[in-house]
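Asker: This is input-v7.txt, which holds compact mmCIF, C-alpha atoms:
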```txt
# COMPACT_ATOMS: atom_id res chain seq x y z
CA MET V 5 103.71 81.64 58.07
CA SER V 6 102.23 81.52 61.61
CA ASP V 7 99.58 83.94 62.84
CA GLU V 8 102.13 85.50 65.18
CA ALA V 9 104.64 86.02 62.36
CA LYS V 10 101.94 87.54 60.13
CA ALA V 11 100.92 89.92 62.90
CA ILE V 12 104.50 91.04 63.43
CA GLU V 13 104.93 91.58 59.69
CA GLU V 14 101.73 93.63 59.56
CA ALA V 15 102.92 95.67 62.54
CA ALA V 16 106.25 96.37 60.85
CA LYS V 17 104.43 97.64 57.75
CA ALA V 18 102.19 99.81 59.89
CA VAL V 19 105.21 101.28 61.65
CA GLN V 20 106.80 102.15 58.29
CA GLU V 21 103.62 103.90 57.18
CA VAL V 22 103.49 105.87 60.40
CA ALA V 23 107.11 106.92 59.98
CA LYS V 24 106.45 108.18 56.45
CA ALA V 25 103.32 110.04 57.38
CA GLY V 26 104.83 112.21 60.11
CA GLY V 27 103.08 113.09 63.37
CA LYS V 28 104.04 109.64 64.60
CA ALA V 29 102.98 110.14 68.18
CA ILE V 30 99.48 111.27 67.20
CA VAL V 31 98.93 108.43 64.74
CA ALA V 32 100.35 105.88 67.17
CA GLY V 33 98.06 107.18 69.88
CA GLN V 34 95.05 106.77 67.61
CA LYS V 35 96.05 103.22 66.67
CA ALA V 36 96.88 102.25 70.26
CA GLY V 37 94.01 104.01 72.00
CA GLY V 38 91.70 101.00 72.17
CA TRP V 39 94.52 98.79 73.40
CA LEU V 40 95.51 101.27 76.10
CA ASP V 41 91.88 101.29 77.21
CA ARG V 42 92.08 97.53 77.51
CA ILE V 43 95.29 97.70 79.53
CA PHE V 44 94.49 100.62 81.84
CA GLY V 45 90.69 100.76 81.78
CA GLY V 46 88.63 103.88 81.13
CA ALA V 47 88.57 105.87 77.92
CA VAL V 48 92.22 106.72 77.54
CA GLU V 49 91.84 108.19 74.06
CA ASP V 50 89.08 110.46 75.38
CA SER V 51 90.89 111.39 78.57
CA VAL V 52 91.34 115.01 77.53
CA ALA V 53 87.98 115.59 79.19
CA LEU V 54 87.69 118.13 81.98
CA VAL V 55 88.08 115.53 84.70
CA TRP V 56 91.47 116.30 86.22
CA SER V 57 92.22 112.71 87.25
CA ASP V 58 91.74 111.55 83.66
CA ARG V 59 94.17 114.15 82.38
CA VAL V 60 96.78 113.16 84.95
CA LYS V 61 96.27 109.53 84.02
CA ALA V 62 96.75 110.29 80.33
CA ARG V 63 99.94 112.20 81.04
CA ARG V 64 101.38 109.38 83.13
CA ILE V 65 100.66 106.87 80.36
CA ALA V 66 102.06 109.16 77.66
CA ALA V 67 105.20 109.72 79.72
CA ALA V 68 105.74 105.95 79.99
CA ILE V 69 105.74 105.50 76.20
CA TYR V 70 109.32 106.10 75.05
CA ASP V 71 108.92 105.16 71.38
CA SER V 72 105.52 105.12 69.67
CA GLU V 73 106.73 102.78 66.92
CA ARG V 74 107.92 100.21 69.45
CA LEU V 75 104.57 100.60 71.19
CA LEU V 76 102.66 99.70 68.03
CA LEU V 77 104.87 96.67 67.46
CA LEU V 78 104.48 95.64 71.11
CA LEU V 79 100.69 95.77 70.89
CA GLU V 80 100.63 93.80 67.62
CA LYS V 81 102.83 91.11 69.13
CA THR V 82 100.62 91.03 72.21
CA ARG V 83 97.48 90.69 70.11
CA ALA V 84 99.07 87.82 68.17
CA ARG V 85 100.06 86.16 71.42
CA LEU V 86 96.54 86.40 72.85
CA ARG V 87 95.10 85.01 69.62
CA LYS V 88 97.60 82.14 69.58
CA LYS V 89 96.68 81.23 73.16
CA ARG V 90 92.97 81.73 72.42
CA ILE V 91 92.68 84.23 75.23
CA VAL V 92 89.43 86.15 74.95
CA THR V 93 88.72 87.35 78.47
CA THR V 94 91.22 89.92 79.71
CA ARG V 95 91.73 91.81 82.93
CA ILE V 96 93.11 95.25 83.83
CA PRO V 97 96.50 94.85 85.55
CA PRO V 98 97.59 97.42 88.16
CA PRO V 99 99.20 100.61 86.79
CA LYS V 100 102.25 99.99 89.03
CA ILE V 101 102.97 97.02 86.74
CA MET V 102 101.77 98.38 83.40
CA LEU V 103 103.49 101.79 83.45
CA PRO V 104 107.04 100.44 83.98
CA LEU V 105 106.28 97.56 81.61
CA LEU V 106 105.33 99.97 78.81
CA GLU V 107 108.33 102.16 79.51
CA ASN V 108 110.82 99.30 79.37
CA ALA V 109 109.16 97.61 76.40
CA THR V 110 109.06 100.77 74.29
CA MET V 111 112.74 101.43 75.04
CA GLU V 112 113.79 97.91 74.04
CA THR V 113 115.45 97.74 70.61
CA GLU V 114 116.51 94.07 70.65
CA ASP V 115 113.77 92.04 68.99
CA ASP V 116 114.09 88.92 71.14
CA LEU V 117 113.78 90.89 74.38
CA HIS V 118 111.00 93.03 72.90
CA THR V 119 109.05 89.83 72.16
CA LEU V 120 109.49 88.72 75.78
CA TRP V 121 107.96 92.02 76.90
CA ALA V 122 104.98 91.35 74.63
CA THR V 123 104.62 87.87 76.10
CA LEU V 124 104.74 89.28 79.64
CA LEU V 125 102.07 91.83 78.71
CA ALA V 126 99.84 89.10 77.25
CA THR V 127 100.31 87.05 80.43
CA ALA V 128 99.36 90.04 82.55
CA LEU V 129 96.18 90.52 80.50
CA ASP V 130 95.09 86.87 80.69
CA ALA V 131 92.17 86.84 83.14
CA LYS V 132 92.45 83.08 83.67
CA GLY V 133 96.20 83.00 84.25
CA ALA V 134 98.31 83.70 87.30
CA GLU V 135 98.76 87.37 88.13
CA VAL V 136 102.02 88.96 87.04
CA HIS V 137 104.17 90.14 89.93
CA ARG V 138 105.62 93.64 89.83
CA LYS V 139 109.04 92.08 90.34
CA PHE V 140 108.79 90.37 86.93
CA VAL V 141 109.14 93.76 85.22
CA SER V 142 112.36 94.65 87.05
CA ILE V 143 113.76 91.16 86.47
CA LEU V 144 113.14 91.25 82.72
CA SER V 145 114.62 94.76 82.50
CA ASP V 146 117.84 93.40 84.05
CA LEU V 147 118.28 90.61 81.50
CA THR V 148 120.45 90.91 78.40
CA SER V 149 119.72 88.88 75.28
CA ALA V 150 122.45 86.44 76.32
CA ASP V 151 120.96 86.12 79.81
CA ALA V 152 117.49 85.45 78.39
CA ALA V 153 118.85 82.81 76.00
CA VAL V 154 120.63 80.98 78.83
CA LEU V 155 117.55 81.22 81.06
CA GLU V 156 115.35 79.70 78.35
CA LEU V 157 117.76 76.78 77.88
CA LEU V 158 117.84 76.15 81.63
CA TRP V 159 114.04 76.35 81.75
CA LYS V 160 113.57 73.80 78.95
CA ASP V 161 115.91 71.40 80.73
CA TRP V 162 114.19 71.98 84.07
CA LEU V 163 110.75 71.09 82.66
CA VAL V 164 111.83 67.51 82.01
CA VAL V 165 113.86 66.86 85.17
CA ASP V 166 112.60 64.31 87.66
CA MET V 167 111.82 66.44 90.71
CA GLU V 168 112.43 63.60 93.18
CA PRO V 169 115.78 63.80 95.02
CA PHE V 170 117.99 60.76 94.45
CA LYS V 171 120.52 58.93 96.61
CA SER V 172 124.03 58.09 95.55
CA SER V 173 124.50 56.01 98.71
CA ALA V 174 122.65 55.25 101.91
CA THR V 175 123.74 58.55 103.41
CA VAL V 176 124.17 61.02 100.49
CA THR V 177 121.16 62.56 98.69
CA TYR V 178 121.28 64.98 95.76
CA GLY V 179 118.54 67.45 94.92
CA PRO V 180 117.17 67.77 91.36
CA GLY V 181 119.09 70.18 89.16
CA VAL V 182 120.23 71.13 85.67
CA SER V 183 123.62 72.04 84.24
CA GLY V 184 124.62 75.57 85.14
CA SER V 185 127.93 77.35 84.64
CA ASP V 186 129.71 74.19 83.50
CA LYS V 187 127.56 74.35 80.36
CA HIS V 188 126.42 77.97 80.09
CA ASP V 189 128.02 81.40 80.21
CA GLU V 190 129.21 82.11 83.74
CA ALA V 191 128.30 85.82 83.69
CA SER V 192 124.72 85.02 82.69
CA MET V 193 124.50 82.34 85.38
CA VAL V 194 125.66 84.84 88.01
CA THR V 195 123.00 87.32 86.86
CA ILE V 196 120.22 84.73 86.83
CA ASN V 197 121.21 83.60 90.32
CA ARG V 198 121.47 87.19 91.60
CA LEU V 199 117.93 87.87 90.38
CA GLY V 200 116.68 84.94 92.46
CA LEU V 201 115.58 82.77 89.52
CA VAL V 202 117.87 79.81 90.26
CA SER V 203 119.87 78.63 93.25
CA PRO V 204 122.82 76.24 93.61
CA ASN V 205 121.91 72.59 93.93
CA TYR V 206 122.29 70.84 97.29
CA VAL V 207 123.83 67.69 98.70
CA GLU V 208 122.26 66.26 101.86
CA ILE V 209 124.27 64.02 104.14
CA THR V 210 122.60 61.80 106.73
CA THR V 211 124.60 60.79 109.79
CA TYR V 212 123.75 57.91 112.12
CA GLN V 213 124.73 57.35 115.72
CA PRO V 214 124.18 53.76 116.87
CA PRO V 215 122.91 52.88 120.36
CA GLY V 216 125.61 52.51 122.98
CA HIS V 217 127.13 53.73 126.22
CA ASP V 218 128.62 57.13 126.98
CA GLY V 219 130.14 56.58 130.39
CA ASP V 220 127.28 55.90 132.77
CA TYR V 221 124.69 57.05 130.20
CA LYS V 222 123.03 54.41 128.04
CA GLU V 223 121.39 55.45 124.75
CA PRO V 224 119.13 52.65 123.51
CA ARG V 225 118.03 54.40 120.28
CA THR V 226 119.69 55.25 116.99
CA HIS V 227 120.07 58.98 116.29
CA GLU V 228 119.84 60.43 112.79
CA ASP V 229 120.87 63.94 111.69
CA ASN V 230 120.70 65.61 108.27
CA ALA V 231 123.09 68.27 107.04
CA ARG V 232 122.47 70.04 103.73
CA ALA V 233 125.27 71.78 101.79
CA TYR V 234 124.77 74.00 98.74
CA GLY V 235 127.33 74.05 95.95
CA ASP V 236 128.31 76.55 93.29
CA LEU V 237 126.52 77.37 90.03
CA MET V 238 127.76 74.27 88.22
CA THR V 239 124.38 72.66 88.89
CA VAL V 240 121.31 74.72 89.74
CA ALA V 241 117.65 74.38 90.60
CA PHE V 242 114.84 76.82 89.84
CA THR V 243 113.34 78.78 92.71
CA PRO V 244 109.56 79.34 93.02
CA LEU V 245 110.14 82.88 91.75
CA GLY V 246 112.12 81.56 88.79
CA ILE V 247 109.40 79.07 87.89
CA ALA V 248 106.66 81.72 88.01
CA PHE V 249 108.74 84.17 85.97
CA CYS V 250 109.61 81.65 83.24
CA GLU V 251 105.98 80.54 82.99
CA ALA V 252 105.10 84.20 82.37
CA ILE V 253 107.57 84.82 79.53
CA PHE V 254 108.30 81.45 77.88
CA ASP V 255 106.27 78.80 76.09
CA LYS V 256 106.45 75.21 77.23
CA PRO V 257 107.94 72.87 74.62
CA ARG V 258 105.28 71.41 72.33
CA LYS V 259 106.69 67.89 72.48
CA SER V 260 107.85 66.17 75.62
CA ARG V 261 111.54 65.50 75.60
CA ALA V 262 113.44 62.56 77.07
CA ARG V 263 113.70 62.94 80.83
CA ILE V 264 117.03 64.20 82.07
CA ASP V 265 118.95 62.10 84.55
CA PRO V 266 119.91 64.49 87.38
CA LYS V 267 123.05 62.46 87.98
CA LYS V 268 124.32 63.68 84.61
CA SER V 269 123.15 67.28 85.02
```
What is this file in structure tokens?
Answerer:
Amino acid sequence: MSDEAKAIEEAAKAVQEVAKAGGKAIVAGQKAGGWLDRIFGGAVEDSVALVWSDRVKARRIAAAIYDSERLLLLLEKTRARLRKKRIVTTRIPPPKIMLPLLENATMETEDDLHTLWATLLATALDAKGAEVHRKFVSILSDLTSADAAVLELLWKDWLVVDMEPFKSSATVTYGPGVSGSDKHDEASMVTINRLGLVSPNYVEITTYQPPGHDGDYKEPRTHEDNARAYGDLMTVAFTPLGIAFCEAIFDKPRKSRARIDPKKS
């Protein structure tokens, strides 16, 4: 059993003990206090002090936690993730990211999506990684389990695509892309596109005008123009936002796969 699986199992047992003991919110707060300090900074578990700003801060954090049991499981998954990635140095992300992240994560009852929230939290805490954009929270909250599964499949295919555009003739060039709605659920593809994670692939056509005469006007040079047309969601490419988002919530495949021929995508 992996370290991450063991941590999740331990968290599940802890949640059961909390449920049996009663006073779940209090116990969960005690168990999570150190972690909330790490996420928000300052002594959250001691924030009942007379400093008004600390009390307001504590109330805002408490209000963001929908389910204390899901919070404990989230923090255990996050700890396992940090340990797996050997992340020791952490940072304090902005509250405008962490408060909605905690709220959405502690409301999530589907395990696969809940794990993605834990991964996003671990990414946000990684001091050496790219900063997590506030938009990532709203994007993940819009995804269903089916959407997330399709997105992960697209992402795995995209990682092994040759990014160089290729020509099918002297005048027609296709951009790199992966199979979209011809292979995956159309509703999920529409959602992923609407969120700005992928865009339709393009075809670029180059036109040439040879030198010649136009009445009294002589054009000695060849003219070249490019026109780019975007298709539907049958073949798609990841946007910069989509790449950054997927890097924040998904692992890269451990083994390199055979490169995908864009002509067949």
Asker: Skipping near chain neighbours, those fewer than 3 positions away, what residues fall within 10 Å of Lys171 (chain V) using all atoms listed in the file, listed as a VMD selection string?
Answerer: chain V and resid 168 174 to 179 207 to 209 267
Asker: What is the CA of Arg83 (chain V) to CA of Leu201 (chain V) distance in Å?
Answerer: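 Straight-line distance from CA of Arg83 (chain V) to CA of Leu201 (chain V) works out to 27.7 Å.
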Asker: Counting all atoms listed in the file, figure out which residue out of V:Trp121, V:Phe170, V:Tyr206, V:Phe249 gets nearest to Phe140 (chain V).
Answerer: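 For Phe140 (chain V), the nearest of the candidates is V:Phe249.
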Asker: So what do you get for CA of Ile253 (chain V) versus CA of Leu120 (chain V), distance-wise?
Answerer: 5.7 Å
Asker: With 8 Å on each side, where is the centre of the axis-aligned box around all listed atoms of region 178-193 of chain V, and how long are its edges in Å to one decimal, as lines of an AutoDock Vina configuration file?
Answerer:
```
center_x = 123.4
center_y = 75.4
center_z = 87.9
size_x = 28.5
size_y = 36.8
size_z = 31.7
```
Asker: Please list as a VMD selection string every residue within 8 Å of region 153-162 of chain V, counting all atoms listed in the file and excluding residues in the same chain fewer than 2 positions away.
Answerer: chain V and resid 149 to 151 164 to 165 181 to 184 188 to 189 192 to 193 196 241 to 242 250 254 256 to 257 264
Asker: Between CA of Thr148 (chain V) and CA of Ala252 (chain V), what distance in Å does the model show, to one decimal?
Answerer: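 About the pair CA of Thr148 (chain V) and CA of Ala252 (chain V): they are 17.2 Å apart.
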Asker: Give me, as JSON lines, the closest atom pair and its distance (Å, one decimal) for every residue of region 115-164 of chain V within a cut-off of 9 Å of region 90-99 of chain V, counting all atoms listed in the file, rows sorted by chain and rising number.
Answerer:
```
{"residue": "V:Ala126", "atom": "CA", "partner": "V:Ile91", "partner_atom": "CA", "distance": 8.9}
{"residue": "V:Ala128", "atom": "CA", "partner": "V:Pro97", "partner_atom": "CA", "distance": 6.3}
{"residue": "V:Leu129", "atom": "CA", "partner": "V:Thr94", "partner_atom": "CA", "distance": 5.1}
{"residue": "V:Asp130", "atom": "CA", "partner": "V:Thr94", "partner_atom": "CA", "distance": 5.0}
{"residue": "V:Ala131", "atom": "CA", "partner": "V:Thr94", "partner_atom": "CA", "distance": 4.7}
{"residue": "V:Lys132", "atom": "CA", "partner": "V:Thr93", "partner_atom": "CA", "distance": 7.7}
{"residue": "V:Glu135", "atom": "CA", "partner": "V:Pro97", "partner_atom": "CA", "distance": 8.2}
{"residue": "V:Val136", "atom": "CA", "partner": "V:Pro97", "partner_atom": "CA", "distance": 8.2}
```
Asker: May I have the residues from that selection written out with C-alpha atoms, as an mmCIF file, keeping the file's coordinate frame?
Answerer:
```
data_model
loop_
_atom_site.group_PDB
_atom_site.id
_atom_site.type_symbol
_atom_site.label_atom_id
_atom_site.label_comp_id
_atom_site.auth_asym_id
_atom_site.auth_seq_id
_atom_site.Cartn_x
_atom_site.Cartn_y
_atom_site.Cartn_z
ATOM 1 C CA ALA V 126 99.840 89.100 77.250
ATOM 2 C CA ALA V 128 99.360 90.040 82.550
ATOM 3 C CA LEU V 129 96.180 90.520 80.500
ATOM 4 C CA ASP V 130 95.090 86.870 80.690
ATOM 5 C CA ALA V 131 92.170 86.840 83.140
ATOM 6 C CA LYS V 132 92.450 83.080 83.670
ATOM 7 C CA GLU V 135 98.760 87.370 88.130
ATOM 8 C CA VAL V 136 102.020 88.960 87.040
#
```
Asker: When you count only C-alpha atoms, which of these residues is closest to Asn230 (chain V): V:Ala248, V:Glu112, V:Glu80, V:Thr211?
Answerer: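 Result for the nearest residue to Asn230 (chain V): V:Thr211.
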